[in-house]
file query.csv (CSV, C-alpha atoms and all ligand atoms)
chain,number,residue,atom,x,y,z
A,207,MET,CA,0.0,0.0,0.0
A,208,SER,CA,1.5,3.4,-1.0
A,209,ASP,CA,1.7,6.2,1.5
A,210,ALA,CA,-1.2,7.9,-0.1
A,211,SER,CA,-3.5,4.9,0.2
A,212,GLY,CA,-2.3,4.2,3.8
A,213,SER,CA,-3.0,7.7,4.9
A,214,ILE,CA,-6.3,7.8,3.1
A,215,GLU,CA,-7.3,4.6,4.9
A,216,ALA,CA,-6.2,5.9,8.3
A,217,GLY,CA,-8.0,9.2,7.6
A,218,LEU,CA,-11.2,7.4,6.6
A,219,GLU,CA,-11.2,5.4,9.7
A,220,ALA,CA,-10.7,8.4,11.9
A,221,LEU,CA,-13.4,10.2,10.0
A,222,SER,CA,-15.8,7.3,10.4
A,223,GLU,CA,-15.1,7.2,14.1
A,224,ARG,CA,-15.6,10.9,14.5
A,225,TYR,CA,-19.0,10.8,12.8
A,226,ARG,CA,-20.2,7.8,14.8
A,227,GLN,CA,-19.7,10.1,17.8
A,228,ARG,CA,-21.2,13.2,16.2
A,229,PHE,CA,-24.3,11.2,15.2
A,230,ALA,CA,-24.6,9.8,18.7
A,231,ASP,CA,-24.4,13.3,20.2
A,232,ALA,CA,-27.1,14.7,17.8
A,233,ASP,CA,-30.2,14.7,20.0
A,234,ASP,CA,-32.7,15.7,17.4
A,235,GLU,CA,-33.3,15.1,13.7
A,236,LEU,CA,-32.2,18.6,12.6
A,237,ALA,CA,-28.8,18.2,14.4
A,238,LEU,CA,-28.4,14.7,12.9
A,239,ARG,CA,-29.1,15.8,9.4
A,240,GLY,CA,-26.7,18.7,9.8
A,241,ALA,CA,-23.9,16.3,10.9
A,242,ARG,CA,-24.7,14.1,7.9
A,243,ALA,CA,-24.4,17.0,5.5
A,244,GLU,CA,-21.0,17.8,7.0
A,245,VAL,CA,-19.7,14.4,6.0
A,246,LEU,CA,-21.6,13.2,3.0
A,247,GLY,CA,-22.8,16.5,1.5
A,248,LYS,CA,-21.4,18.0,-1.6
A,249,LYS,CA,-18.8,19.9,0.4
A,250,GLY,CA,-18.7,17.3,3.1
A,251,GLU,CA,-15.5,15.8,4.6
A,252,LEU,CA,-15.8,12.5,2.9
A,253,THR,CA,-16.2,14.1,-0.5
A,254,THR,CA,-13.2,16.3,0.2
A,255,ALA,CA,-11.2,13.3,1.3
A,256,LEU,CA,-11.9,11.6,-2.0
A,257,ARG,CA,-10.1,14.3,-3.8
A,258,GLY,CA,-7.0,12.7,-2.4
A,259,MET,CA,-7.8,9.7,-4.7
A,260,LYS,CA,-5.8,11.3,-7.5
A,261,ASP,CA,-2.6,10.7,-5.5
A,262,VAL,CA,-3.3,7.0,-5.2
A,263,ALA,CA,-1.3,4.6,-7.4
A,264,PRO,CA,-3.3,3.2,-10.3
A,265,ASP,CA,-3.0,-0.4,-9.1
A,266,GLN,CA,-4.5,0.6,-5.7
A,267,LYS,CA,-7.3,2.7,-6.9
A,268,LYS,CA,-9.6,-0.2,-7.0
A,269,SER,CA,-9.1,-1.3,-3.4
A,270,VAL,CA,-9.1,2.3,-2.1
A,271,GLY,CA,-12.3,2.9,-4.1
A,272,GLU,CA,-13.9,-0.1,-2.4
A,273,LEU,CA,-12.8,1.1,1.0
A,274,VAL,CA,-14.2,4.6,0.4
A,275,ASN,CA,-17.5,3.0,-0.7
A,276,ARG,CA,-17.6,0.8,2.4
A,277,VAL,CA,-16.9,3.8,4.7
A,278,ARG,CA,-19.6,5.8,2.9
A,279,ALA,CA,-22.1,3.0,3.3
A,280,SER,CA,-21.2,2.5,6.9
A,281,ILE,CA,-21.6,6.2,7.7
A,282,GLU,CA,-24.9,6.1,5.9
A,283,ASP,CA,-25.9,3.1,8.0
A,284,MET,CA,-24.9,4.8,11.2
A,285,PHE,CA,-27.0,7.8,10.1
A,286,GLU,CA,-30.0,5.7,9.4
A,287,ALA,CA,-29.7,3.8,12.6
A,288,ARG,CA,-29.5,7.0,14.7
A,289,LEU,CA,-32.4,8.6,12.7
A,290,ALA,CA,-34.5,5.5,13.5
A,291,ALA,CA,-33.6,5.7,17.1
A,292,LEU,CA,-34.4,9.4,17.4
A,293,ARG,CA,-37.8,8.9,15.7
A,294,GLN,CA,-38.6,6.0,18.0
A,295,GLY,CA,-37.7,8.1,21.0
A,296,MET,CA,-39.9,10.9,19.8
A,297,LEU,CA,-42.8,8.6,19.2
A,298,GLU,CA,-42.4,7.0,22.7
A,299,ALA,CA,-42.2,10.5,24.3
A,300,GLU,CA,-45.4,11.5,22.5
A,301,LEU,CA,-47.2,8.3,23.5
A,302,ASN,CA,-46.1,8.6,27.1
A,303,ALA,CA,-47.0,12.3,27.3
A,304,ARG,CA,-50.5,13.4,28.2
A,305,PRO,CA,-52.6,13.8,25.0
A,306,PHE,CA,-53.2,17.4,25.7
A,307,ASP,CA,-52.8,19.9,28.4
A,308,LEU,CA,-56.0,19.9,30.4
A,309,SER,CA,-55.0,22.9,32.3
A,310,LEU,CA,-54.9,25.2,29.3
A,311,PRO,CA,-57.7,27.7,29.2
A,312,GLY,CA,-60.4,27.1,26.6
A,313,ARG,CA,-60.2,29.0,23.3
A,314,LEU,CA,-63.9,29.9,23.2
A,315,PRO,CA,-65.6,31.4,26.2
A,316,VAL,CA,-68.3,28.9,27.3
A,317,GLY,CA,-71.7,30.6,27.3
A,318,ARG,CA,-73.6,30.5,30.5
A,319,GLY,CA,-76.8,28.5,30.3
A,320,HIS,CA,-80.2,29.6,31.6
A,321,LEU,CA,-83.6,28.1,32.3
A,322,HIS,CA,-85.7,27.1,29.3
A,323,PRO,CA,-88.3,29.8,28.5
A,324,VAL,CA,-91.1,27.3,29.4
A,325,ARG,CA,-89.5,26.8,32.8
A,326,GLN,CA,-89.1,30.5,33.3
A,327,VAL,CA,-92.8,31.2,32.6
A,328,MET,CA,-93.8,28.2,34.8
A,329,ASP,CA,-91.8,29.4,37.7
A,330,GLU,CA,-93.2,32.9,37.3
A,331,ILE,CA,-96.8,31.6,37.4
A,332,LEU,CA,-96.0,29.3,40.4
A,333,ASP,CA,-94.5,32.3,42.2
A,334,ILE,CA,-97.6,34.4,41.7
A,335,PHE,CA,-99.7,31.7,43.3
A,336,LYS,CA,-97.2,31.1,46.1
A,337,SER,CA,-97.4,34.8,46.9
A,338,LEU,CA,-101.1,34.4,47.1
A,339,GLY,CA,-100.7,31.7,49.8
A,340,PHE,CA,-100.7,28.5,47.7
A,341,GLU,CA,-98.1,25.9,48.4
A,342,ALA,CA,-96.3,24.0,45.7
A,343,SER,CA,-96.5,20.3,45.2
A,344,TRP,CA,-95.6,17.8,42.4
A,345,GLY,CA,-97.3,14.8,40.9
A,346,PRO,CA,-96.1,11.9,38.7
A,347,GLU,CA,-96.2,12.0,34.9
A,348,VAL,CA,-97.0,8.3,34.7
A,349,GLU,CA,-100.3,7.9,36.5
A,350,VAL,CA,-103.1,5.4,37.0
A,351,GLU,CA,-106.3,5.8,35.1
A,352,ALA,CA,-108.3,6.4,38.4
A,353,ASN,CA,-106.3,9.5,39.3
A,354,ASN,CA,-106.2,11.0,35.8
A,355,PHE,CA,-109.9,10.3,34.9
A,356,THR,CA,-112.2,8.2,37.1
A,357,LYS,CA,-111.9,10.0,40.4
A,358,LEU,CA,-112.2,13.3,38.5
A,359,ALA,CA,-115.6,12.1,37.4
A,360,PHE,CA,-114.8,11.5,33.8
A,361,PRO,CA,-117.4,9.0,32.6
A,362,PRO,CA,-115.8,5.8,31.3
A,363,ASP,CA,-116.7,6.7,27.6
A,364,HIS,CA,-115.5,10.3,27.8
A,365,PRO,CA,-113.7,11.2,24.5
A,366,ALA,CA,-110.6,12.3,26.5
A,367,THR,CA,-110.1,8.7,27.5
A,368,ASP,CA,-110.0,7.6,23.9
A,369,MET,CA,-107.0,5.8,22.5
A,370,GLN,CA,-106.7,8.7,20.1
A,371,ASP,CA,-106.1,11.2,22.9
A,372,THR,CA,-104.2,9.4,25.6
A,373,PHE,CA,-100.9,7.5,25.7
A,374,TRP,CA,-101.7,4.3,27.5
A,375,VAL,CA,-98.7,2.5,29.0
A,376,ASP,CA,-98.5,-1.2,28.5
A,377,VAL,CA,-97.6,-3.0,31.6
A,378,ALA,CA,-97.6,-6.8,31.4
A,379,GLY,CA,-100.0,-8.3,34.0
A,380,ALA,CA,-101.3,-4.9,35.1
A,381,ASP,CA,-104.7,-4.7,36.8
A,382,PRO,CA,-107.0,-3.5,34.0
A,383,ALA,CA,-108.8,-1.3,36.6
A,384,ALA,CA,-105.5,0.5,37.3
A,385,ARG,CA,-104.2,1.0,33.8
A,386,PRO,CA,-101.2,3.3,33.7
A,387,LEU,CA,-101.0,6.2,31.3
A,388,LEU,CA,-99.1,9.4,30.7
A,389,ARG,CA,-101.1,12.0,32.5
A,390,THR,CA,-103.2,14.1,30.1
A,391,HIS,CA,-103.4,17.0,32.6
A,392,THR,CA,-102.1,18.1,35.9
A,393,SER,CA,-105.5,17.6,37.5
A,394,ASN,CA,-104.2,14.3,38.9
A,395,VAL,CA,-102.5,16.4,41.6
A,396,GLN,CA,-105.9,17.4,42.9
A,397,VAL,CA,-106.8,13.8,43.5
A,398,ARG,CA,-103.5,12.9,45.1
A,399,GLU,CA,-103.5,15.8,47.4
A,400,MET,CA,-107.1,15.7,48.4
A,401,SER,CA,-106.9,12.0,49.0
A,402,SER,CA,-103.9,12.3,51.3
A,403,ARG,CA,-104.6,15.3,53.5
A,404,LYS,CA,-107.4,17.2,55.3
A,405,PRO,CA,-108.7,20.7,54.3
A,406,PRO,CA,-108.1,23.5,54.4
A,407,MET,CA,-105.6,23.4,51.6
A,408,ALA,CA,-104.4,25.6,48.8
A,409,VAL,CA,-102.0,23.9,46.4
A,410,VAL,CA,-100.4,24.8,43.1
A,411,SER,CA,-98.5,22.4,40.9
A,412,GLY,CA,-96.8,22.4,37.5
A,413,GLY,CA,-95.4,19.9,35.2
A,414,ALA,CA,-95.4,18.0,31.9
A,415,VAL,CA,-98.5,16.4,30.5
A,416,TYR,CA,-99.0,14.3,27.3
A,417,ARG,CA,-101.6,14.0,24.6
A,418,ARG,CA,-101.8,12.5,21.2
A,419,ASP,CA,-101.8,15.9,19.5
A,420,ASP,CA,-99.2,17.4,17.1
A,421,ASP,CA,-99.6,20.6,15.1
A,422,VAL,CA,-98.4,24.3,15.3
A,423,THR,CA,-100.3,25.0,18.5
A,424,HIS,CA,-100.3,21.4,20.0
A,425,SER,CA,-97.3,19.3,21.1
A,426,PRO,CA,-97.6,15.7,22.4
A,427,MET,CA,-95.7,16.9,25.5
A,428,PHE,CA,-96.5,20.2,27.0
A,429,HIS,CA,-96.8,21.8,30.5
A,430,GLN,CA,-99.6,22.8,32.7
A,431,ILE,CA,-100.2,24.5,36.0
A,432,GLU,CA,-102.9,23.3,38.3
A,433,GLY,CA,-104.2,24.9,41.4
A,434,PHE,CA,-107.0,24.3,43.9
A,435,LEU,CA,-108.3,25.6,47.2
A,436,VAL,CA,-110.5,23.7,49.6
A,437,ASP,CA,-112.0,25.1,52.8
A,438,GLN,CA,-115.4,25.8,54.4
A,439,ARG,CA,-117.6,28.3,52.6
A,440,VAL,CA,-115.4,28.8,49.6
A,441,SER,CA,-117.5,30.4,46.8
A,442,PHE,CA,-117.2,31.4,43.2
A,443,ALA,CA,-116.4,34.9,44.5
A,444,GLU,CA,-113.0,33.6,45.9
A,445,LEU,CA,-112.4,31.8,42.6
A,446,LYS,CA,-112.9,35.1,40.7
A,447,GLY,CA,-110.9,37.1,43.2
A,448,VAL,CA,-107.9,34.8,43.1
A,449,LEU,CA,-107.9,34.3,39.3
A,450,THR,CA,-108.4,38.0,38.5
A,451,ALA,CA,-105.5,38.9,40.8
A,452,PHE,CA,-103.4,36.3,39.1
A,453,ALA,CA,-104.3,37.4,35.5
A,454,GLN,CA,-103.5,41.0,36.3
A,455,ARG,CA,-100.2,40.1,37.9
A,456,LEU,CA,-99.2,38.2,34.8
A,457,TYR,CA,-100.6,40.4,32.1
A,458,GLY,CA,-100.6,43.8,33.8
A,459,PRO,CA,-102.9,45.6,36.3
A,460,ASP,CA,-105.3,47.1,33.8
A,461,THR,CA,-105.9,43.8,31.9
A,462,PRO,CA,-109.6,43.1,31.5
A,463,VAL,CA,-110.6,39.6,32.7
A,464,ARG,CA,-113.8,37.8,32.0
A,465,PHE,CA,-115.3,34.4,33.1
A,466,ARG,CA,-117.3,32.4,30.5
A,467,PRO,CA,-119.4,29.4,31.4
A,468,SER,CA,-117.8,26.1,30.2
A,469,TYR,CA,-117.8,22.4,31.0
A,470,PHE,CA,-115.2,20.1,32.7
A,471,PRO,CA,-116.4,16.9,34.3
A,472,PHE,CA,-114.7,17.6,37.6
A,473,VAL,CA,-116.2,21.1,38.3
A,474,GLU,CA,-119.7,22.5,38.7
A,475,PRO,CA,-120.1,25.2,37.6
A,476,GLY,CA,-117.2,25.4,35.2
A,477,ALA,CA,-115.7,28.4,33.5
A,478,GLU,CA,-113.0,29.6,31.1
A,479,VAL,CA,-111.1,32.7,31.8
A,480,ASP,CA,-110.2,35.2,29.1
A,481,VAL,CA,-108.0,38.2,29.2
A,482,GLY,CA,-108.2,41.2,26.9
A,483,CYS,CA,-106.0,40.5,23.8
A,484,VAL,CA,-102.5,41.6,24.5
A,485,PHE,CA,-101.8,42.0,20.8
A,486,CYS,CA,-104.6,44.3,19.6
A,487,LYS,CA,-104.6,46.5,22.6
A,488,VAL,CA,-104.3,50.1,21.4
A,489,GLU,CA,-103.3,53.4,23.2
A,490,ASP,CA,-106.7,54.3,24.5
A,491,GLY,CA,-107.2,50.8,26.0
A,492,THR,CA,-109.7,49.6,23.3
A,493,ARG,CA,-109.0,46.3,21.7
A,494,ALA,CA,-109.6,46.2,18.0
A,495,SER,CA,-109.1,42.8,16.4
A,496,CYS,CA,-106.2,40.7,15.3
A,497,ARG,CA,-105.4,37.2,14.1
A,498,VAL,CA,-104.2,35.9,17.4
A,499,CYS,CA,-107.6,36.6,19.1
A,500,LYS,CA,-109.5,35.8,15.9
A,501,THR,CA,-110.9,39.3,16.0
A,502,SER,CA,-112.7,38.6,19.3
A,503,GLY,CA,-110.5,40.9,21.4
A,504,TRP,CA,-110.1,38.2,24.0
A,505,LEU,CA,-107.6,35.4,24.7
A,506,GLU,CA,-108.5,32.3,26.6
A,507,ILE,CA,-106.0,31.6,29.3
A,508,LEU,CA,-107.4,28.9,31.7
A,509,GLY,CA,-110.2,26.6,32.7
A,510,CYS,CA,-111.6,26.6,36.2
A,511,GLY,CA,-114.7,25.9,38.4
A,512,MET,CA,-116.0,24.9,41.7
A,513,ILE,CA,-114.8,21.4,42.6
A,514,HIS,CA,-117.6,18.8,41.9
A,515,PRO,CA,-119.0,17.1,45.1
A,516,GLU,CA,-118.4,13.8,43.3
A,517,VAL,CA,-114.7,14.5,43.2
A,518,PHE,CA,-114.7,15.3,46.9
A,519,ARG,CA,-116.4,12.0,47.6
A,520,HIS,CA,-113.9,10.0,45.5
A,521,CYS,CA,-111.1,11.7,47.5
A,522,GLY,CA,-112.7,11.1,51.0
A,523,ILE,CA,-113.6,14.8,51.7
A,524,ASP,CA,-116.9,15.6,53.2
A,525,ALA,CA,-118.8,17.4,50.3
A,526,GLU,CA,-121.4,18.8,52.8
A,527,ALA,CA,-118.8,20.5,54.9
A,528,TYR,CA,-116.3,21.7,52.3
A,529,THR,CA,-116.3,23.5,49.0
A,530,GLY,CA,-113.5,24.6,46.8
A,531,PHE,CA,-112.3,25.8,43.4
A,532,ALA,CA,-109.8,24.5,40.9
A,533,PHE,CA,-108.1,25.8,37.8
A,534,GLY,CA,-105.7,24.6,35.2
A,535,MET,CA,-103.7,26.3,32.4
A,536,GLY,CA,-101.2,25.6,29.6
A,537,VAL,CA,-97.7,27.1,30.2
A,538,GLU,CA,-96.6,27.1,26.5
A,539,ARG,CA,-99.6,29.1,25.6
A,540,VAL,CA,-98.6,31.9,28.0
A,541,ALA,CA,-95.0,31.8,26.7
A,542,MET,CA,-96.2,31.9,23.1
A,543,LEU,CA,-98.5,34.8,23.8
A,544,ARG,CA,-95.9,36.7,25.7
A,545,TYR,CA,-93.0,36.3,23.2
A,546,GLY,CA,-95.1,36.2,20.1
A,547,ILE,CA,-94.0,32.6,19.2
A,548,PRO,CA,-96.2,31.3,16.4
A,549,ASP,CA,-95.2,27.6,16.4
A,550,ILE,CA,-95.1,25.6,19.7
A,551,ARG,CA,-92.6,23.1,18.2
A,552,VAL,CA,-89.7,25.5,18.3
A,553,LEU,CA,-90.0,25.4,22.1
A,554,PHE,CA,-88.8,21.8,22.1
A,555,GLU,CA,-86.4,21.7,19.2
A,556,ASN,CA,-83.6,22.9,21.5
A,557,ASP,CA,-82.0,25.1,18.8
A,558,PRO,CA,-79.6,27.4,20.7
A,559,ARG,CA,-80.2,30.2,18.3
A,560,PHE,CA,-83.8,30.3,19.5
A,561,LEU,CA,-83.2,29.5,23.2
A,562,ALA,CA,-80.4,32.1,23.5
A,563,GLN,CA,-83.1,34.8,22.9
A,564,PHE,CA,-84.6,34.3,26.4
B,1,LIG,N1,-107.6,19.7,33.2
B,1,LIG,C1,-108.2,20.7,32.3
B,1,LIG,C2,-107.5,20.5,30.9
B,1,LIG,O1,-106.5,19.9,30.8
B,1,LIG,C3,-108.0,22.1,32.7
B,1,LIG,C4,-108.8,22.5,33.9
B,1,LIG,C5,-110.0,22.9,33.7
B,1,LIG,C6,-108.2,22.2,35.2
B,1,LIG,C7,-110.8,23.3,34.8
B,1,LIG,C8,-109.0,22.5,36.3
B,1,LIG,C9,-110.3,23.1,36.1
B,1,LIG,O2,-108.6,22.4,37.5
B,1,LIG,O3,-111.0,23.4,37.2
B,1,LIG,O4,-108.1,20.9,29.9

call {"tool": "encode", "arguments": {"input": "query.csv", "output": "structure tokens"}}
result
Amino acid sequence: MSDASGSIEAGLEALSERYRQRFADADDELALRGARAEVLGKKGELTTALRGMKDVAPDQKKSVGELVNRVRASIEDMFEARLAALRQGMLEAELNARPFDLSLPGRLPVGRGHLHPVRQVMDEILDIFKSLGFEASWGPEVEVEANNFTKLAFPPDHPATDMQDTFWVDVAGADPAARPLLRTHTSNVQVREMSSRKPPMAVVSGGAVYRRDDDVTHSPMFHQIEGFLVDQRVSFAELKGVLTAFAQRLYGPDTPVRFRPSYFPFVEPGAEVDVGCVFCKVEDGTRASCRVCKTSGWLEILGCGMIHPEVFRHCGIDAEAYTGFAFGMGVERVAMLRYGIPDIRVLFENDPRFLAQF
């Protein structure tokens, strides 16, 4: 081996050793690639060293050439091995790290929620009655037929009990006399309360009720408020006084209120209460006509009446000693009138663009 080839060989070995160390020291891909460029790149050290080839004797060119190729290949291998090790290390670090930093503040401010408009109106109505001395109570939404219909003096063939109007609940082996259903009104609370306590009592209750009804003004699930008062010598005058006070608290002190005779099986006499239409009220207090009140100038807001003695008897209350009045109203209707909502269904679609307006 000539001097030239001997020194090239020694130089290449030293070079290879140096870069083994450089690669080992590179602790990220960028540093590693930088080191590789310094040895194998166009102006890299190995490339420069090859320029010494011209001094090698012709008969040794072949073996020196092979040596150079081996060194190049081995440096390339060292590079690849270190690159793979670095990538593996990064992958493991990522897998072992927490997926994201839970302590970082959120990017979007989270909007504060609020009560659903139906719930807001329901609470407001309940509050008016509570301030008039009624106590709040709750009843179940799945009820037995007796509490929803029979004890409220609905005759067995009353149209409300029809399959078309009521969601009957199938319970295998249930007593046919105690068929469960989704309550069609909150009047079941009257039966439950009157059957379990002694007068005097003044109770108000609100909650969901269910009917097989579905159009722009009817939803299969909606909400009602029910109230009743039982004591000695309660007359229609008290009914009028309480419900007029209520209507004027809800719709304003000057609101006209009228009582129209109507029929419900569990009251006698029965009535419906109307308030002067809030939409066609004009400056001088006269009410012209509009589509909402169908040009009548009045809006119906609730049903009411003197509790039927038959209901008292079914609930174990002495119908000779006590009298009382009861009333029931739809909550969605109040919300729709108040906010001018034309379609009941938007109340239950849970679209935040709608709900955020309340
Ligand atoms: N339960 C009746 C309904 O859903 C409303 C009602 C009318 C309730 C008269 C009453 C009442 O308590 O006295 O249509």

call {"tool": "closest_residue", "arguments": {"input": "query.csv", "among": "A:Lys248, A:Arg313, A:Lys336, A:Arg497", "to": "Phe452 (chain A)", "atoms": "only C-alpha atoms"}}
result
A:Lys336

call {"tool": "residues_near_ligand", "arguments": {"input": "query.csv", "ligand": "ligand LIG 1 (chain B)", "cutoff": "9 Å", "atoms": "all atoms listed in the file", "output": "PyMOL selection string"}}
result
chain A and resi 390-394+396+415+430-434+468-474+476-478+508-513+531-536

call {"tool": "closest_residue", "arguments": {"input": "query.csv", "among": "A:Glu235, A:Asp307, A:Asp265, A:Asp283", "to": "Gly295 (chain A)", "atoms": "only C-alpha atoms"}}
result
A:Glu235

call {"tool": "atom_distance", "arguments": {"input": "query.csv", "atom1": "CA of Asn354 (chain A)", "atom2": "CA of Val375 (chain A)"}}
result
13.2 Å

call {"tool": "atom_distance", "arguments": {"input": "query.csv", "atom1": "CA of Glu330 (chain A)", "atom2": "CA of Ala453 (chain A)"}}
result
12.1 Å

call {"tool": "residues_around", "arguments": {"input": "query.csv", "residues": "Glu347 (chain A)", "least_positions_apart": "4", "cutoff": "7 Å", "atoms": "only C-alpha atoms", "output": "list of chain:residue names"}}
result
A:Leu388, A:Arg389, A:Ala414, A:Val415

call {"tool": "closest_residue", "arguments": {"input": "query.csv", "among": "A:Arg559, A:His429, A:His424, A:Arg226", "to": "Val327 (chain A)", "atoms": "only C-alpha atoms"}}
result
A:His429

call {"tool": "build_atoms", "arguments": {"input": "query.csv", "residues": "region 249-260 of chain A", "atoms": "N, CA, C and O atoms", "output": "tab-separated table (two decimals), keeping the file's coordinate frame"}}
result
chain	number	residue	atom	x	y	z
A	249	LYS	N	-20.07	19.36	-0.12
A	249	LYS	CA	-18.80	19.90	0.40
A	249	LYS	C	-18.40	19.21	1.66
A	249	LYS	O	-17.62	19.73	2.44
A	250	GLY	N	-18.95	18.01	1.84
A	250	GLY	CA	-18.70	17.30	3.10
A	250	GLY	C	-17.27	16.73	3.14
A	250	GLY	O	-16.55	16.68	2.14
A	251	GLU	N	-16.91	16.28	4.34
A	251	GLU	CA	-15.50	15.80	4.60
A	251	GLU	C	-15.16	14.60	3.78
A	251	GLU	O	-14.05	14.49	3.30
A	252	LEU	N	-16.11	13.67	3.62
A	252	LEU	CA	-15.80	12.50	2.90
A	252	LEU	C	-15.55	12.82	1.40
A	252	LEU	O	-14.58	12.36	0.76
A	253	THR	N	-16.36	13.68	0.88
A	253	THR	CA	-16.20	14.10	-0.50
A	253	THR	C	-14.88	14.80	-0.71
A	253	THR	O	-14.18	14.53	-1.69
A	254	THR	N	-14.53	15.63	0.25
A	254	THR	CA	-13.20	16.30	0.20
A	254	THR	C	-12.08	15.32	0.22
A	254	THR	O	-11.13	15.39	-0.56
A	255	ALA	N	-12.24	14.34	1.14
A	255	ALA	CA	-11.20	13.30	1.30
A	255	ALA	C	-10.96	12.58	-0.01
A	255	ALA	O	-9.83	12.20	-0.35
A	256	LEU	N	-12.07	12.38	-0.77
A	256	LEU	CA	-11.90	11.60	-2.00
A	256	LEU	C	-11.07	12.33	-3.05
A	256	LEU	O	-10.55	11.70	-3.95
A	257	ARG	N	-11.01	13.62	-2.87
A	257	ARG	CA	-10.10	14.30	-3.80
A	257	ARG	C	-8.71	13.82	-3.75
A	257	ARG	O	-7.97	13.88	-4.72
A	258	GLY	N	-8.32	13.24	-2.56
A	258	GLY	CA	-7.00	12.70	-2.40
A	258	GLY	C	-6.77	11.43	-3.28
A	258	GLY	O	-5.65	10.96	-3.44
A	259	MET	N	-7.87	10.92	-3.88
A	259	MET	CA	-7.80	9.70	-4.70
A	259	MET	C	-6.82	9.91	-5.88
A	259	MET	O	-6.21	8.96	-6.35
A	260	LYS	N	-6.69	11.12	-6.31
A	260	LYS	CA	-5.80	11.30	-7.50
A	260	LYS	C	-4.37	11.01	-7.21
A	260	LYS	O	-3.60	10.70	-8.10
